[in-house]
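coords.csv, holding CSV, C-alpha atoms:
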chain,number,residue,atom,x,y,z
G,1,MET,CA,30.1,-24.1,21.3
G,2,ILE,CA,30.6,-22.7,17.8
G,3,ARG,CA,30.8,-18.9,17.8
G,4,LEU,CA,29.4,-17.2,14.7
G,5,PRO,CA,30.5,-13.7,13.7
G,6,PRO,CA,28.0,-11.0,14.8
G,7,GLU,CA,27.2,-10.1,11.2
G,8,ASP,CA,26.2,-13.8,10.4
G,9,ILE,CA,23.9,-13.8,13.5
G,10,ASP,CA,22.3,-10.6,12.3
G,11,TYR,CA,21.8,-12.1,8.8
G,12,ILE,CA,20.1,-15.1,10.3
G,13,LEU,CA,17.8,-12.9,12.5
G,14,ASP,CA,17.0,-10.7,9.5
G,15,TYR,CA,15.7,-13.9,7.8
G,16,LEU,CA,13.5,-14.5,10.9
G,17,HIS,CA,12.2,-11.0,11.0
G,18,ASP,CA,8.5,-12.0,11.0
G,19,ASP,CA,8.7,-15.2,13.1
G,20,PHE,CA,8.0,-13.6,16.5
G,21,LYS,CA,8.1,-16.9,18.4
G,22,THR,CA,11.6,-17.8,17.2
G,23,LEU,CA,12.8,-14.2,17.7
G,24,GLY,CA,11.7,-14.5,21.4
G,25,ALA,CA,13.6,-17.7,21.8
G,26,CYS,CA,16.7,-16.1,20.2
G,27,ALA,CA,16.5,-13.1,22.6
G,28,LEU,CA,16.6,-15.5,25.5
G,29,ALA,CA,19.2,-17.7,24.1
G,30,GLY,CA,22.1,-15.3,24.1
G,31,ARG,CA,22.9,-11.6,24.8
G,32,ILE,CA,24.6,-11.3,21.4
G,33,MET,CA,21.2,-12.0,19.7
G,34,LEU,CA,19.1,-9.7,21.9
G,35,PRO,CA,19.5,-6.4,20.1
G,36,SER,CA,18.6,-7.7,16.6
G,37,ALA,CA,15.8,-10.0,17.9
G,38,ARG,CA,14.3,-7.1,19.9
G,39,PHE,CA,14.6,-4.8,16.8
G,40,HIS,CA,12.7,-7.2,14.6
G,41,ARG,CA,10.1,-8.1,17.2
G,42,PHE,CA,9.2,-4.6,18.3
G,43,ARG,CA,10.1,-2.1,15.6
G,44,ASP,CA,6.5,-2.5,14.2
G,45,VAL,CA,4.0,-2.8,17.0
G,46,LYS,CA,0.3,-3.6,16.3
G,47,LEU,CA,-2.0,-2.9,19.2
G,48,PRO,CA,-5.6,-4.2,19.7
G,49,PRO,CA,-8.3,-1.9,21.2
G,50,TRP,CA,-7.0,-0.6,24.5
G,51,GLY,CA,-3.7,-2.4,23.8
G,52,ASN,CA,-1.7,0.7,24.8
G,53,ARG,CA,-2.4,-0.3,28.4
G,54,SER,CA,-0.4,-3.5,28.0
G,55,LEU,CA,2.3,-1.7,26.1
G,56,ALA,CA,2.9,0.9,28.8
G,57,PRO,CA,4.8,-1.3,31.2
G,58,LEU,CA,7.2,-2.4,28.5
G,59,LEU,CA,8.1,1.2,27.7
G,60,ASN,CA,9.7,1.5,31.1
G,61,SER,CA,12.7,0.0,29.3
G,62,ALA,CA,14.3,2.9,27.5
G,63,ASP,CA,16.2,0.5,25.2
G,64,LEU,CA,12.9,-1.1,24.1
G,65,ALA,CA,11.1,2.2,23.6
G,66,ARG,CA,13.8,3.4,21.3
G,67,VAL,CA,13.4,0.3,19.1
G,68,ILE,CA,9.7,1.0,18.3
G,69,THR,CA,9.5,3.1,15.1
G,70,SER,CA,6.0,2.1,13.8
G,71,VAL,CA,2.7,1.6,15.7
G,72,THR,CA,-0.7,0.5,14.5
G,73,THR,CA,-3.5,1.1,17.0
G,74,ILE,CA,-7.3,0.9,17.1
G,75,TYR,CA,-9.0,3.9,18.7
G,76,MET,CA,-12.5,3.3,20.0
G,77,GLY,CA,-13.2,6.9,20.9
G,78,LEU,CA,-14.6,6.0,24.3
G,79,ARG,CA,-12.0,7.8,26.4
G,80,ASP,CA,-10.1,11.0,26.4
G,81,PRO,CA,-7.5,10.8,23.7
G,82,CYS,CA,-5.1,12.7,26.0
G,83,ASP,CA,-5.0,9.6,28.1
G,84,ASP,CA,-5.3,7.0,25.4
G,85,PHE,CA,-2.3,8.3,23.4
G,86,LYS,CA,0.0,9.3,26.3
G,87,PHE,CA,2.2,6.3,25.6
G,88,LEU,CA,3.4,8.0,22.4
G,89,LEU,CA,5.4,10.4,24.6
G,90,GLN,CA,7.6,7.4,25.6
G,91,LEU,CA,8.5,6.6,22.0
G,92,PRO,CA,11.3,8.9,21.0
G,93,CYS,CA,12.0,7.2,17.6
G,94,LEU,CA,8.4,6.8,16.5
G,95,CYS,CA,8.1,7.9,12.8
G,96,LYS,CA,5.1,6.0,11.5
G,97,LEU,CA,1.6,5.7,13.0
G,98,THR,CA,-1.5,3.9,11.7
G,99,LEU,CA,-4.8,4.8,13.3
G,100,VAL,CA,-7.9,2.6,12.8
G,101,THR,CA,-11.3,4.1,13.7
G,102,PRO,CA,-14.4,2.1,14.7
G,103,PRO,CA,-17.4,2.0,12.4
G,104,PRO,CA,-19.2,4.3,11.8
G,105,GLN,CA,-18.4,7.6,13.4
G,106,GLN,CA,-17.5,11.2,12.7
G,107,PHE,CA,-13.9,11.3,13.5
G,108,PRO,CA,-13.0,13.8,16.2
G,109,THR,CA,-10.3,16.3,15.1
G,110,LYS,CA,-9.1,16.6,18.7
G,111,THR,CA,-7.7,13.1,18.5
G,112,LEU,CA,-5.4,14.1,15.6
G,113,SER,CA,-4.3,17.2,17.4
G,114,VAL,CA,-3.3,15.2,20.5
G,115,ILE,CA,-1.4,12.7,18.4
G,116,ALA,CA,0.5,15.6,16.6
G,117,SER,CA,1.5,17.1,19.9
G,118,TYR,CA,2.5,13.7,21.5
G,119,ALA,CA,4.5,12.5,18.4
G,120,PRO,CA,5.9,15.7,16.8
G,121,ALA,CA,8.5,13.7,14.7
G,122,LEU,CA,6.0,11.6,12.7
G,123,THR,CA,6.9,11.3,9.1
G,124,SER,CA,4.1,8.8,8.1
G,125,PHE,CA,0.5,8.8,9.2
G,126,THR,CA,-2.3,6.6,8.0
G,127,LEU,CA,-6.0,7.0,9.0
G,128,ILE,CA,-8.2,4.0,8.4
G,129,GLY,CA,-12.0,4.0,8.7
G,130,PRO,CA,-14.8,3.5,8.2
G,131,GLY,CA,-15.4,7.0,9.5
G,132,GLY,CA,-16.2,10.4,8.2
G,133,THR,CA,-15.1,14.0,8.6
G,134,THR,CA,-15.3,17.4,7.0
G,135,PRO,CA,-12.5,18.7,4.8
G,136,SER,CA,-11.8,21.7,6.9
G,137,HIS,CA,-11.5,19.7,10.1
G,138,LEU,CA,-9.3,17.1,8.4
G,139,VAL,CA,-6.9,19.4,6.7
G,140,SER,CA,-6.6,21.6,9.8
G,141,ALA,CA,-5.6,18.5,11.9
G,142,ILE,CA,-3.2,17.3,9.3
G,143,SER,CA,-1.5,20.7,9.2
G,144,GLU,CA,-0.4,20.2,12.8
G,145,PHE,CA,1.9,17.4,11.7
G,146,GLY,CA,4.8,19.6,10.7
G,147,THR,CA,7.3,16.8,9.7
G,148,LEU,CA,4.8,14.6,7.9
G,149,GLU,CA,6.0,13.3,4.5
G,150,GLU,CA,3.5,10.5,3.9
G,151,LEU,CA,-0.3,10.6,4.4
G,152,GLY,CA,-2.6,7.7,3.9
G,153,LEU,CA,-6.4,7.8,4.0
G,154,GLN,CA,-8.3,4.4,3.8
G,155,HIS,CA,-12.1,4.0,3.8
G,156,ILE,CA,-12.6,7.6,4.9
G,157,THR,CA,-15.6,9.5,3.8
G,158,ILE,CA,-14.8,13.2,3.2
G,159,ASP,CA,-17.7,15.6,2.8
G,160,ASP,CA,-17.5,17.7,-0.4
G,161,GLU,CA,-19.2,20.9,0.7
G,162,ASP,CA,-16.3,22.6,2.5
G,163,ASP,CA,-13.9,25.3,1.3
G,164,VAL,CA,-10.3,24.4,2.2
G,165,SER,CA,-8.7,27.4,0.4
G,166,TYR,CA,-8.3,29.2,3.8
G,167,ALA,CA,-7.0,26.2,5.7
G,168,PRO,CA,-3.5,26.3,7.4
G,169,HIS,CA,-0.4,25.5,5.4
G,170,PRO,CA,0.1,21.8,4.9
G,171,PRO,CA,3.2,19.8,5.7
G,172,ARG,CA,5.6,19.0,2.9
G,173,LEU,CA,4.1,15.7,1.8
G,174,ARG,CA,6.1,13.5,-0.6
G,175,ARG,CA,3.7,10.5,-0.7
G,176,LEU,CA,0.0,10.2,-0.7
G,177,VAL,CA,-2.1,7.0,-0.4
G,178,PHE,CA,-5.8,7.1,-1.2
G,179,HIS,CA,-7.4,3.7,-0.6
G,180,ASP,CA,-11.2,3.5,-1.2
G,181,CYS,CA,-11.5,7.1,0.0
G,182,SER,CA,-14.2,9.5,-1.1
G,183,ASN,CA,-13.3,12.9,-2.5
G,184,PRO,CA,-9.5,12.7,-2.2
G,185,SER,CA,-9.2,15.5,-4.7
G,186,ILE,CA,-10.2,17.9,-1.8
G,187,ILE,CA,-6.9,17.1,-0.1
G,188,VAL,CA,-5.1,17.8,-3.4
G,189,SER,CA,-6.9,21.1,-3.8
G,190,TRP,CA,-5.7,22.1,-0.3
G,191,LEU,CA,-2.1,21.1,-1.2
G,192,GLN,CA,-2.4,22.9,-4.5
G,193,VAL,CA,-3.4,26.2,-2.9
G,194,HIS,CA,-0.1,26.3,-1.0
G,195,SER,CA,2.2,24.8,-3.5
G,196,ALA,CA,2.1,25.5,-7.3
G,197,GLU,CA,5.1,23.1,-7.7
G,198,PRO,CA,4.1,19.9,-5.9
G,199,PRO,CA,6.8,18.2,-3.8
G,200,LEU,CA,4.9,14.9,-4.2
G,201,GLN,CA,7.1,12.0,-5.4
G,202,SER,CA,4.9,9.0,-4.9
G,203,LEU,CA,1.1,8.2,-5.2
G,204,ARG,CA,-0.9,5.1,-4.4
G,205,TYR,CA,-4.5,5.2,-5.7
G,206,PHE,CA,-7.5,2.9,-5.6
G,207,LEU,CA,-10.0,2.6,-8.5
G,208,ARG,CA,-13.4,1.0,-8.4
G,209,GLY,CA,-15.1,2.8,-11.2
G,210,GLN,CA,-15.7,6.0,-13.1
G,211,LYS,CA,-16.1,8.3,-10.0
G,212,ASP,CA,-12.7,7.3,-8.8
G,213,VAL,CA,-11.1,7.9,-12.2
G,214,ALA,CA,-12.6,11.4,-12.2
G,215,GLN,CA,-11.0,12.1,-8.9
G,216,LEU,CA,-7.7,10.7,-10.2
G,217,ASN,CA,-7.8,13.1,-13.1
G,218,THR,CA,-8.0,16.0,-10.7
G,219,VAL,CA,-5.0,14.6,-8.7
G,220,ALA,CA,-3.0,14.0,-11.9
G,221,ALA,CA,-3.6,17.6,-13.1
G,222,TRP,CA,-1.7,18.8,-10.1
G,223,CYS,CA,1.1,16.3,-9.7
G,224,ALA,CA,1.6,14.3,-12.9
G,225,SER,CA,4.5,16.3,-14.0
G,226,SER,CA,6.5,15.6,-10.9
G,227,LEU,CA,5.5,12.2,-9.7
G,228,LYS,CA,8.3,9.5,-9.8
G,229,SER,CA,6.4,6.5,-8.5
G,230,LEU,CA,2.8,5.5,-9.1
G,231,GLU,CA,0.8,2.6,-7.8
G,232,VAL,CA,-2.7,2.0,-9.0
G,233,ILE,CA,-5.1,-0.7,-7.7
G,234,PHE,CA,-8.0,-1.6,-10.0
G,235,ALA,CA,-10.7,-3.2,-7.9
G,236,PRO,CA,-14.0,-3.2,-9.8
G,237,HIS,CA,-17.1,-4.7,-8.2
G,238,GLY,CA,-17.8,-6.6,-11.4
G,239,SER,CA,-15.7,-6.8,-14.6
G,240,MET,CA,-13.1,-4.3,-15.7
G,241,ALA,CA,-15.2,-3.6,-18.8
G,242,ALA,CA,-18.3,-2.7,-16.8
G,243,ALA,CA,-16.3,-0.4,-14.5
G,244,PHE,CA,-14.0,1.3,-17.0
G,245,ARG,CA,-15.4,0.9,-20.5
G,246,ASP,CA,-16.1,4.5,-21.3
G,247,VAL,CA,-13.4,6.0,-19.0
G,248,VAL,CA,-10.1,7.6,-20.1
G,249,LEU,CA,-7.4,6.8,-17.6
G,250,PRO,CA,-4.9,9.6,-17.0
G,251,LEU,CA,-1.8,7.3,-16.9
G,252,SER,CA,-0.3,8.9,-20.0
G,253,SER,CA,-0.1,12.3,-18.2
G,254,PHE,CA,2.4,11.0,-15.7
G,255,SER,CA,5.4,12.0,-17.9
G,256,VAL,CA,8.4,11.5,-15.6
G,257,LEU,CA,7.5,8.2,-13.9
G,258,GLU,CA,10.5,6.0,-13.0
G,259,SER,CA,8.4,3.2,-11.5
G,260,CYS,CA,4.8,2.1,-11.8
G,261,THR,CA,2.9,-0.7,-10.1
G,262,LEU,CA,-0.4,-2.0,-11.5
G,263,ARG,CA,-2.5,-4.2,-9.3
G,264,PHE,CA,-5.7,-5.9,-10.4
G,265,VAL,CA,-8.3,-7.4,-8.0
G,266,LEU,CA,-10.6,-9.5,-10.1
G,267,HIS,CA,-13.5,-11.6,-8.9
G,268,GLU,CA,-13.0,-14.4,-11.4
G,269,MET,CA,-10.4,-17.1,-12.0
G,270,CYS,CA,-7.2,-16.6,-13.9
G,271,VAL,CA,-8.3,-18.4,-17.0
G,272,ALA,CA,-8.4,-17.5,-20.7
G,273,GLN,CA,-12.2,-16.9,-20.5
G,274,ASN,CA,-11.7,-14.1,-18.0
G,275,GLU,CA,-12.3,-11.0,-20.2
G,276,SER,CA,-11.0,-8.7,-17.5
G,277,LEU,CA,-7.5,-10.1,-18.0
G,278,LYS,CA,-7.4,-8.4,-21.5
G,279,TRP,CA,-7.3,-5.1,-19.7
G,280,ILE,CA,-3.9,-5.6,-18.3
G,281,PRO,CA,-2.0,-5.0,-21.6
G,282,LEU,CA,-4.4,-2.1,-22.4
G,283,VAL,CA,-3.6,-0.4,-19.1
G,284,LEU,CA,0.1,-1.1,-19.5
G,285,ALA,CA,0.1,0.5,-23.0
G,286,GLN,CA,-1.1,3.8,-21.6
G,287,LEU,CA,2.1,4.4,-19.7
G,288,SER,CA,4.1,6.9,-21.7
G,289,SER,CA,7.0,8.1,-19.5
G,290,PRO,CA,10.3,7.8,-21.2
G,291,CYS,CA,12.0,7.6,-17.8
G,292,ILE,CA,10.2,4.5,-16.6
G,293,ARG,CA,12.7,1.8,-15.4
G,294,LYS,CA,10.5,-0.6,-13.4
G,295,VAL,CA,7.0,-1.9,-13.9
G,296,THR,CA,5.3,-4.2,-11.5
G,297,ILE,CA,2.1,-6.2,-12.2
G,298,SER,CA,0.2,-8.0,-9.5
G,299,LEU,CA,-3.0,-10.0,-9.8
G,300,VAL,CA,-5.6,-11.1,-7.3
G,301,VAL,CA,-8.2,-13.6,-8.4
G,302,ASP,CA,-10.5,-16.4,-7.2
G,303,ASN,CA,-8.2,-19.4,-7.3
G,304,VAL,CA,-11.1,-21.7,-6.2
G,305,GLU,CA,-8.9,-23.6,-3.8
G,306,ASP,CA,-11.9,-24.6,-1.7
G,307,LEU,CA,-14.0,-26.7,-4.0
G,308,ARG,CA,-16.9,-26.7,-1.5
G,309,SER,CA,-17.8,-23.2,-2.6
G,310,LEU,CA,-18.8,-24.6,-6.0
G,311,ASN,CA,-21.7,-26.4,-4.4
G,312,SER,CA,-22.9,-23.4,-2.4
G,313,GLU,CA,-25.2,-20.7,-3.7
G,314,CYS,CA,-24.1,-18.4,-0.9
G,315,ALA,CA,-20.4,-19.0,-1.1
G,316,VAL,CA,-18.1,-16.0,-0.6
G,317,ARG,CA,-15.3,-15.6,-3.1
G,318,ASP,CA,-11.9,-16.1,-1.5
G,319,LEU,CA,-9.6,-13.7,-3.4
G,320,THR,CA,-5.9,-14.5,-3.2
G,321,CYS,CA,-2.8,-13.7,-5.2
G,322,ALA,CA,-2.8,-15.5,-8.6
G,323,TYR,CA,-0.3,-18.3,-9.2
G,324,LEU,CA,2.5,-17.4,-11.5
G,325,ASP,CA,2.1,-20.5,-13.6
G,326,ASP,CA,-1.6,-19.5,-14.2
G,327,MET,CA,-0.5,-16.2,-15.7
G,328,PHE,CA,0.6,-17.7,-19.0
G,329,VAL,CA,-3.1,-17.0,-20.1
G,330,LEU,CA,-2.4,-13.3,-20.1
G,331,ASP,CA,-2.1,-11.6,-23.5
G,332,TRP,CA,1.7,-11.7,-23.6
G,333,ASP,CA,1.7,-10.8,-27.3
G,334,SER,CA,0.0,-7.5,-26.6
G,335,MET,CA,2.2,-6.9,-23.6
G,336,GLU,CA,5.3,-7.5,-25.8
G,337,ARG,CA,4.1,-5.0,-28.4
G,338,SER,CA,3.4,-2.4,-25.7
G,339,LEU,CA,6.9,-2.9,-24.1
G,340,ALA,CA,8.5,-2.6,-27.5
G,341,SER,CA,7.4,1.0,-27.9
G,342,ASP,CA,9.8,3.9,-27.4
G,343,HIS,CA,8.2,4.8,-24.1
G,344,PHE,CA,9.7,1.7,-22.5
G,345,ALA,CA,13.2,2.1,-24.0
G,346,SER,CA,14.6,2.7,-20.5
G,347,LEU,CA,12.8,-0.3,-18.9
G,348,ARG,CA,15.1,-2.4,-16.9
G,349,ILE,CA,12.8,-4.8,-15.0
G,350,LEU,CA,9.2,-6.0,-15.4
G,351,VAL,CA,8.2,-7.7,-12.1
G,352,ILE,CA,5.4,-10.2,-12.1
G,353,GLU,CA,4.1,-11.0,-8.6
G,354,GLY,CA,2.3,-14.2,-7.7
G,355,GLN,CA,2.4,-17.5,-5.9
G,356,GLY,CA,4.4,-20.5,-6.7
G,357,SER,CA,7.6,-21.1,-8.7
G,358,GLY,CA,6.6,-19.8,-12.1
G,359,ASN,CA,8.4,-22.4,-14.1
G,360,VAL,CA,5.5,-22.9,-16.5
G,361,LEU,CA,5.3,-19.1,-17.1
G,362,LYS,CA,9.0,-18.9,-17.7
G,363,ALA,CA,8.9,-21.7,-20.3
G,364,HIS,CA,5.9,-20.1,-21.9
G,365,VAL,CA,7.5,-16.7,-22.3
G,366,GLN,CA,10.8,-18.3,-23.5
G,367,LYS,CA,9.0,-20.4,-26.2
G,368,ASN,CA,6.2,-18.1,-27.3
G,369,ILE,CA,7.5,-14.6,-26.6
G,370,PRO,CA,11.2,-14.8,-27.6
G,371,THR,CA,11.7,-11.1,-28.3
G,372,LEU,CA,10.5,-10.1,-24.8
G,373,HIS,CA,12.4,-13.0,-23.3
G,374,SER,CA,15.6,-11.9,-25.1
G,375,ARG,CA,15.4,-8.5,-23.4
G,376,ASP,CA,15.9,-10.2,-20.0
G,377,VAL,CA,13.7,-7.8,-18.2
G,378,ILE,CA,11.1,-10.2,-16.7
G,379,SER,CA,11.5,-11.0,-13.0
G,380,LEU,CA,9.1,-13.3,-11.3
G,381,ALA,CA,8.5,-12.4,-7.6
G,382,THR,CA,7.0,-14.9,-5.2
G,383,VAL,CA,4.6,-13.3,-2.8
G,384,ALA,CA,2.4,-14.5,0.1
G,385,LYS,CA,-1.0,-15.9,-0.5
G,386,ARG,CA,-2.6,-12.7,0.9
G,387,ALA,CA,-0.6,-9.7,-0.1
G,388,PRO,CA,-1.0,-6.7,2.2
G,389,TRP,CA,-2.6,-4.6,-0.5
G,390,ILE,CA,-5.5,-7.0,-1.1
G,391,VAL,CA,-8.8,-5.3,-0.5
G,392,GLU,CA,-11.2,-7.2,1.7
Would you give me this structure, written as structure tokens?
Amino acid sequence: MIRLPPEDIDYILDYLHDDFKTLGACALAGRIMLPSARFHRFRDVKLPPWGNRSLAPLLNSADLARVITSVTTIYMGLRDPCDDFKFLLQLPCLCKLTLVTPPPQQFPTKTLSVIASYAPALTSFTLIGPGGTTPSHLVSAISEFGTLEELGLQHITIDDEDDVSYAPHPPRLRRLVFHDCSNPSIIVSWLQVHSAEPPLQSLRYFLRGQKDVAQLNTVAAWCASSLKSLEVIFAPHGSMAAAFRDVVLPLSSFSVLESCTLRFVLHEMCVAQNESLKWIPLVLAQLSSPCIRKVTISLVVDNVEDLRSLNSECAVRDLTCAYLDDMFVLDWDSMERSLASDHFASLRILVIEGQGSGNVLKAHVQKNIPTLHSRDVISLATVAKRAPWIVE
């Protein structure tokens, strides 16, 4: 039998990190592969409702329990959270938790308090609705996570009639993720009360229309001067023009950005007739940080891969990542002019994400946009059909 060096085996298993069936076979095939296979299989655990019951017996193995660093679980709210989350006490290396709540309910603050006491070393916590809560209850619960560095709120309705100025001191958050969340500026107001100089380094924000932009303006007023990384997801219900025509985006106020990701979820095809595509260079041109080194552009469209939907009046649009070769229809001339400004003098890489090889797009840029091509900053990144950030 040929014996491979351990580092080569680890490299192979790294490649198989998301193929759980193969990882299981590798774990049984040889003891030398067990640690790496177990790490990739169990470091990020996703539990269905009441799935913690099936996980509990596995945690009797201390070696396995130490591998788990991230857990996603669905909390139905039908049992005492002290019992439902007791399994967290057996995970000494847990640093990331994602909690999904059932629709619709007023989220009990007690649950977050229990989690904070059972997992005191959490550095990342994401709460996913649909669900609602009051600002005072939410910030009081978050304040109990003393080591928290990243907070994510998705599809959470936050009432706007509460005063959070007297709420407890927040953890030192370095990253915020607001994904289709109402009144996120209330969280920022709470942070601002306790920190005039924000420690925030990274922000991910979701925009559907004018109301979301107004909230982003409030957030930007507090952290724009310190933020290093910004990700904005544009997901209008209709066209970009209908959602953002009379809106001033605050992107130019982020003056020390080093990286920016712009994602667009559009309900039309990636064709020249799609007027919303013209907004991509317009948004790009608003970036004004002289420190910016990396810009990423992602696009989700209706690729019309199931032609049966064309014959149905009730068809549901299937939005997936655009094909790189279809992106030659973007206004590359305008993008080239924007990138030629002094604001992008430090730009090192422009990442375009999409499906496929991108050979057509490469040839198009080389032939028709020679100045931009000569800078050698464009990098085409192949992504999965359904990227994790796609909004359903």
- Between G:Thr69, G:Gln215, G:Thr111, G:Gln355, which is the closest to Pro81 of chain G once you count only C-alpha atoms?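 Using only C-alpha atoms, the shortest distance to Pro81 of chain G belongs to G:Thr111.
Among the candidate residues G:Ser229, G:Ser255, G:Thr157, G:Gln273, the one lying nearest to Val295 of chain G is G:Ser229, with distances computed using all atoms listed in the file.
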- Query: Separation of atom CA of Ala340 of chain G and atom CA of Gln286 of chain G, in Å?
  - Reply: 13.0 Å
- Message: So the first atom is atom CA of Ala363 of chain G and the second is atom CA of Arg337 of chain G; what is the distance between them in Å, to one decimal place?
- Response: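 Taking atom CA of Ala363 of chain G and atom CA of Arg337 of chain G, their separation equals 19.2 Å.
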- Counting only C-alpha atoms, the residue of G:Ile233, G:Ala121, G:Cys321, G:Leu64 that sits nearest Arg41 of chain G: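 Ranking G:Ile233, G:Ala121, G:Cys321, G:Leu64 by distance to Arg41 of chain G, first place goes to G:Leu64.
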- Item | Residue among G:Asn303, G:Gln210, G:Thr123, G:Thr218 lying closest to Ser189 of chain G, counting only C-alpha atoms |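 Nearest candidate to Ser189 of chain G out of G:Asn303, G:Gln210, G:Thr123, G:Thr218: G:Thr218.
In terms of minimum interatomic distance to Pro281 of chain G, G:Ser334 ranks closest within G:Ser357, G:Ser334, G:Ser185, G:Thr296, counting only C-alpha atoms.
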- Counting only C-alpha atoms, which of G:Gln154, G:Phe87, G:Glu336, G:Gly358 gets nearest to Ser374 of chain G?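 For Ser374 of chain G, the nearest of the candidates is G:Glu336.
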- Message: Can you tell me which residues surround Ala37 of chain G at a distance of at most 7 Å, considering only C-alpha atoms, apart from same-chain residues fewer than 5 positions away, and format the answer as a list in words?
- Response: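 Listing them by chain and then by number gives Leu13, Leu23, Cys26 and Ala27 of chain G.
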Mind checking which residues fall within 10 Å of Ser239 of chain G, counting all atoms listed in the file, ignoring those fewer than 6 positions away in the same chain, and posting them as an mmCIF file with C-alpha atoms, keeping the file's coordinate frame?
data_model
loop_
_atom_site.group_PDB
_atom_site.id
_atom_site.type_symbol
_atom_site.label_atom_id
_atom_site.label_comp_id
_atom_site.auth_asym_id
_atom_site.auth_seq_id
_atom_site.Cartn_x
_atom_site.Cartn_y
_atom_site.Cartn_z
ATOM 1 C CA ARG G 245 -15.400 0.900 -20.500
ATOM 2 C CA VAL G 265 -8.300 -7.400 -8.000
ATOM 3 C CA LEU G 266 -10.600 -9.500 -10.100
ATOM 4 C CA HIS G 267 -13.500 -11.600 -8.900
ATOM 5 C CA GLU G 268 -13.000 -14.400 -11.400
ATOM 6 C CA ASN G 274 -11.700 -14.100 -18.000
ATOM 7 C CA GLU G 275 -12.300 -11.000 -20.200
ATOM 8 C CA SER G 276 -11.000 -8.700 -17.500
ATOM 9 C CA LEU G 277 -7.500 -10.100 -18.000
ATOM 10 C CA TRP G 279 -7.300 -5.100 -19.700
#
- Quick one: everything within 12 Å of Trp389 of chain G, counting all atoms listed in the file, minus sequence neighbours fewer than 5 positions away in the same chain. Send it as JSON, numbers by chain. {"G": [154, 177, 179, 180, 204, 205, 206, 231, 232, 233, 234, 235, 261, 262, 263, 264, 265, 298, 299, 300, 319, 320, 321, 383, 384]}
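Near Phe42 of chain G, within 10 Å and counting only C-alpha atoms, sit Phe20, Ala37, Leu64, Ala65, Arg66, Val67, Ile68, Thr69, Ser70 and Val71 of chain G; same-chain residues fewer than 5 positions away were not included.
The interatomic distance for the pair atom CA of Asn359 of chain G and atom CA of Leu324 of chain G works out to 8.2 Å.
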Residues of segment 46-101 of chain G that have any atom at most 12 Å from an atom of segment 138-146 of chain G: could you tabulate them with the shortest-distance atom pair and the distance in Å to one decimal, using all atoms listed in the file, ordered by chain and increasing number, as a Markdown table?
| residue | atom | partner | partner_atom | distance |
| --- | --- | --- | --- | --- |
| G:Cys95 | CA | G:Phe145 | CA | 11.4 |
| G:Lys96 | CA | G:Phe145 | CA | 11.8 |
| G:Leu97 | CA | G:Phe145 | CA | 11.8 |
I need the residues from that last selection saved to file as a compact mmCIF listing (two decimals), keeping the file's coordinate frame (with C-alpha atoms), if you can.
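Final file, part.txt:
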# COMPACT_ATOMS: atom_id res chain seq x y z
CA CYS G 95 8.10 7.90 12.80
CA LYS G 96 5.10 6.00 11.50
CA LEU G 97 1.60 5.70 13.00
- Non-local contacts of Val360 of chain G (12 Å; only C-alpha atoms; under 3 positions in same chain excluded) as a list in words: Tyr323, Leu324, Asp325, Asp326, Met327, Phe328, Val329, Gly356, Ser357, Ala363, His364, Val365, Gln366, Lys367, Asn368 and Leu380 of chain G
- Please, which residues are within 7 Å of (3.2, 17.3, -10.1) by the file's coordinates, counting all atoms listed in the file, and could they come as a PyMOL selection string? chain G and resi 197-198+200+222-227
